[in-house]
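Student: mmCIF, C-alpha atoms, saved as entry24.cif, coming up:
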data_run
#
loop_
_atom_site.label_atom_id
_atom_site.label_comp_id
_atom_site.auth_asym_id
_atom_site.auth_seq_id
_atom_site.Cartn_x
_atom_site.Cartn_y
_atom_site.Cartn_z
CA MET A 1 95.46 129.49 102.00
CA ARG A 2 96.86 132.99 101.80
CA GLY A 3 95.48 134.05 98.44
CA GLU A 4 94.37 137.45 99.71
CA THR A 5 97.92 138.55 100.49
CA GLY A 6 99.07 137.79 96.95
CA SER A 7 101.24 134.81 97.91
CA PRO A 8 100.54 131.57 96.01
CA LEU A 9 97.48 129.59 97.06
CA LEU A 10 98.35 126.35 98.81
CA SER A 11 96.33 123.59 97.28
CA VAL A 12 95.63 120.37 99.08
CA MET A 13 97.40 117.45 97.49
CA LYS A 14 96.63 113.82 98.14
CA ALA A 15 99.39 111.23 98.29
CA CYS A 16 98.65 107.51 98.15
CA ILE A 17 101.50 105.29 99.34
CA HIS A 18 101.75 101.53 98.87
CA ILE A 19 104.32 99.74 100.98
CA THR A 20 104.86 96.12 100.00
CA LEU A 21 107.29 93.42 101.01
CA LYS A 22 110.06 92.77 98.50
CA GLN A 23 109.88 89.55 96.52
CA GLY A 24 111.33 86.65 98.44
CA VAL A 25 110.69 88.19 101.86
CA LEU A 26 108.56 85.88 103.99
CA ASP A 27 105.04 87.22 104.62
CA PRO A 28 103.50 85.38 107.61
CA GLN A 29 100.43 87.66 107.67
CA GLY A 30 99.74 86.89 104.02
CA LYS A 31 100.16 83.17 104.68
CA ALA A 32 97.73 83.36 107.62
CA ILE A 33 95.11 85.08 105.44
CA GLU A 34 95.66 82.46 102.71
CA GLY A 35 95.11 79.69 105.24
CA ALA A 36 92.01 81.32 106.73
CA LEU A 37 90.47 81.84 103.27
CA GLY A 38 91.19 78.19 102.43
CA ASP A 39 89.45 77.13 105.66
CA LEU A 40 86.40 79.21 104.65
CA GLY A 41 86.18 77.22 101.42
CA PHE A 42 87.75 79.64 98.95
CA THR A 43 89.61 77.60 96.35
CA GLY A 44 91.78 78.68 93.45
CA LEU A 45 93.82 81.00 95.60
CA ASP A 46 97.45 80.99 94.52
CA SER A 47 99.07 83.48 96.88
CA VAL A 48 98.30 86.41 99.17
CA ARG A 49 100.73 89.18 100.12
CA GLN A 50 99.83 91.80 102.69
CA GLY A 51 101.10 95.35 102.45
CA LYS A 52 100.35 98.74 103.92
CA TYR A 53 98.43 101.58 102.35
CA LEU A 54 98.61 105.18 103.47
CA GLU A 55 96.57 108.17 102.34
CA MET A 56 97.98 111.58 103.14
CA THR A 57 96.84 115.11 102.48
CA LEU A 58 99.55 117.72 102.15
CA LEU A 59 99.33 121.50 102.01
CA GLU A 60 101.61 121.92 99.02
CA ALA A 61 101.18 123.64 95.68
CA ASP A 62 103.85 121.83 93.64
CA PRO A 63 103.32 118.12 92.85
CA ALA A 64 107.07 117.59 92.35
CA LYS A 65 107.84 119.02 95.79
CA ALA A 66 105.06 116.94 97.33
CA ARG A 67 106.53 113.78 95.80
CA GLU A 68 110.00 114.70 97.05
CA GLN A 69 108.67 115.23 100.56
CA VAL A 70 106.70 111.97 100.60
CA THR A 71 109.75 110.09 99.25
CA ALA A 72 111.79 111.46 102.17
CA MET A 73 109.04 110.36 104.59
CA CYS A 74 109.14 106.82 103.15
CA GLU A 75 112.93 106.63 103.33
CA LYS A 76 113.13 107.99 106.88
CA LEU A 77 110.11 106.50 108.61
CA LEU A 78 107.36 104.80 106.66
CA ALA A 79 109.14 101.98 104.82
CA ASN A 80 111.88 99.62 105.88
CA THR A 81 113.79 99.77 102.60
CA VAL A 82 115.81 96.65 103.43
CA ILE A 83 112.74 94.45 103.05
CA GLU A 84 110.04 96.76 101.66
CA ASN A 85 109.30 98.62 98.43
CA TYR A 86 107.22 101.74 98.30
CA ALA A 87 105.21 103.40 95.52
CA ILE A 88 103.86 106.95 95.64
CA ASP A 89 100.93 108.42 93.70
CA ILE A 90 100.35 112.14 93.92
CA GLU A 91 96.85 113.40 93.11
CA THR A 92 95.94 117.07 92.82
CA ASP A 93 92.49 117.92 94.11
CA MET B 1 96.58 74.50 83.51
CA ARG B 2 94.84 71.70 81.66
CA GLY B 3 95.07 72.99 78.11
CA GLU B 4 96.18 69.62 76.73
CA THR B 5 92.92 67.93 77.68
CA GLY B 6 90.83 70.51 75.83
CA SER B 7 89.40 72.12 78.96
CA PRO B 8 89.78 75.90 79.25
CA LEU B 9 93.20 77.20 80.29
CA LEU B 10 93.19 78.74 83.75
CA SER B 11 94.93 82.05 83.64
CA VAL B 12 96.45 83.69 86.66
CA MET B 13 94.61 86.80 87.70
CA LYS B 14 95.88 89.40 90.09
CA ALA B 15 93.57 91.13 92.54
CA CYS B 16 94.61 94.28 94.42
CA ILE B 17 92.49 95.08 97.45
CA HIS B 18 92.49 98.34 99.38
CA ILE B 19 90.85 98.29 102.79
CA THR B 20 90.41 101.72 104.34
CA LEU B 21 88.65 103.05 107.41
CA LYS B 22 85.35 104.79 106.73
CA GLN B 23 85.27 108.56 107.09
CA GLY B 24 84.76 109.61 110.67
CA VAL B 25 86.22 106.42 112.14
CA LEU B 26 89.10 107.23 114.46
CA ASP B 27 92.50 106.14 113.11
CA PRO B 28 95.04 106.02 115.98
CA GLN B 29 97.73 104.48 113.75
CA GLY B 30 97.39 107.29 111.24
CA LYS B 31 97.54 109.85 114.06
CA ALA B 32 100.71 108.21 115.44
CA ILE B 33 102.37 108.37 112.01
CA GLU B 34 101.31 112.00 111.65
CA GLY B 35 102.86 112.81 115.03
CA ALA B 36 106.09 110.95 114.25
CA LEU B 37 106.46 112.71 110.90
CA GLY B 38 105.90 116.05 112.62
CA ASP B 39 108.62 115.18 115.16
CA LEU B 40 110.98 114.42 112.27
CA GLY B 41 110.42 117.94 110.93
CA PHE B 42 107.97 117.29 108.11
CA THR B 43 105.64 120.25 107.91
CA GLY B 44 102.59 120.88 105.75
CA LEU B 45 101.07 117.54 106.61
CA ASP B 46 97.31 117.84 106.88
CA SER B 47 96.21 114.29 107.70
CA VAL B 48 97.35 110.66 107.46
CA ARG B 49 95.05 107.64 107.28
CA GLN B 50 96.39 104.11 107.39
CA GLY B 51 94.78 101.27 105.51
CA LYS B 52 95.60 97.76 104.40
CA TYR B 53 96.67 96.60 100.98
CA LEU B 54 96.47 93.02 99.76
CA GLU B 55 97.76 91.49 96.55
CA MET B 56 96.31 88.16 95.57
CA THR B 57 96.86 85.80 92.67
CA LEU B 58 93.92 83.64 91.68
CA LEU B 59 93.69 80.72 89.30
CA GLU B 60 90.59 81.90 87.48
CA ALA B 61 89.84 82.50 83.80
CA ASP B 62 86.90 84.90 84.14
CA PRO B 63 87.52 88.41 85.57
CA ALA B 64 83.87 88.75 86.64
CA LYS B 65 84.03 85.50 88.60
CA ALA B 66 87.33 86.53 90.16
CA ARG B 67 85.80 89.83 91.30
CA GLU B 68 82.79 88.00 92.73
CA GLN B 69 85.05 85.65 94.67
CA VAL B 70 87.24 88.46 96.03
CA THR B 71 84.14 90.45 97.04
CA ALA B 72 82.93 87.44 99.03
CA MET B 73 86.38 87.18 100.67
CA CYS B 74 86.20 90.84 101.69
CA GLU B 75 82.69 90.52 103.07
CA LYS B 76 83.40 87.32 104.99
CA LEU B 77 86.93 87.80 106.27
CA LEU B 78 89.14 90.60 105.00
CA ALA B 79 87.19 93.76 105.80
CA ASN B 80 85.12 94.76 108.81
CA THR B 81 82.33 96.37 106.81
CA VAL B 82 80.97 98.19 109.85
CA ILE B 83 83.99 100.48 109.96
CA GLU B 84 85.91 99.72 106.74
CA ASN B 85 85.46 100.20 103.01
CA TYR B 86 87.10 97.97 100.45
CA ALA B 87 88.01 98.47 96.80
CA ILE B 88 88.97 95.69 94.40
CA ASP B 89 91.02 95.93 91.20
CA ILE B 90 91.27 92.87 89.00
CA GLU B 91 94.24 92.68 86.61
CA THR B 92 94.62 90.01 83.97
CA ASP B 93 98.20 88.92 83.42
#
In structure tokens, write the structure found in this file.

Tutor:
Amino acid sequence: MRGETGSPLLSVMKACIHITLKQGVLDPQGKAIEGALGDLGFTGLDSVRQGKYLEMTLLEADPAKAREQVTAMCEKLLANTVIENYAIDIETD
Amino acid sequence: MRGETGSPLLSVMKACIHITLKQGVLDPQGKAIEGALGDLGFTGLDSVRQGKYLEMTLLEADPAKAREQVTAMCEKLLANTVIENYAIDIETD
């Protein structure tokens, strides 16, 4: 936040990232949850897929730049793009 | 699907569940991701929190009943309500 010096104010931007297994990729965690819910008496369950969810706050003024940065993070570290898809939502505070 | 017999058709309903740590609860996984992203040269990162994301398909005609059932699943198995919050979205196909 350097508004006093005349440089642009950095706003805090929130990024929500969903990382899910691609269709057809086996999901043993999801299957385990499905089984456990069945054992607890929950019926009518067709399928369960487990994914990851990340919330990030970024010091960045431009939503487009924030999205670009988060996309690079997903490609380089957060998602295994061979078996996983990722979706990014950018929210300005 | 028993439409032929005159009983109500069961539609497939999708439930998306976000399970996140409550504010103030330590998140070592999020901290590890934050550190790794910093090591990779990503700057401007303020905080990272990791949560879980579940997608479920239910054989249920009534959205209200589906929500009720998924809430019970969260309370009984999916979320640790002492340290975690959960949010449920019900989508009709």

Student: Could you tell me which residues of chain A sit within 9 Å of chain B when counting all atoms listed in the file, and give me the result as a VMD selection string?

Tutor: chain A and resid 12 18 to 20 30 33 36 to 37 40 42 to 60 69 73 76 to 78

Student: One decimal, Å: what's the distance from atom CA of Glu91 of chain B over to atom CA of Arg67 of chain B, could you say?

Tutor: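 These two atoms are separated by 10.1 Å.
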
Student: Atom CA of Glu68 of chain A and atom CA of Asn85 of chain A, how far apart in Å?

Tutor: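 Going from atom CA of Asn85 of chain A over to atom CA of Glu68 of chain A covers 16.2 Å.
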
Student: With distances taken over only C-alpha atoms, which residue among B:Thr71, B:Ala79, B:Leu26, B:Ala64 lies nearest Thr92 of chain B?

Tutor: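 Checking each of B:Thr71, B:Ala79, B:Leu26, B:Ala64 against Thr92 of chain B, counting only C-alpha atoms, the winner is B:Ala64.
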
Student: Which of these residues is nearest to Ile83 of chain B, using only C-alpha atoms: B:Ala61, B:Ala32, B:Asp27, B:Gly38?

Tutor: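 Closest to Ile83 of chain B, using only C-alpha atoms: B:Asp27.
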
Student: Separation of atom CA of Ile88 of chain B and atom CA of Glu75 of chain B, in Å?

Tutor: 11.9 Å

Student: For Ile90 of chain B, which residue among B:Lys65, B:Asp39, B:Pro28, B:Lys22 is the nearest when counting all atoms listed in the file?

Tutor: B:Lys65
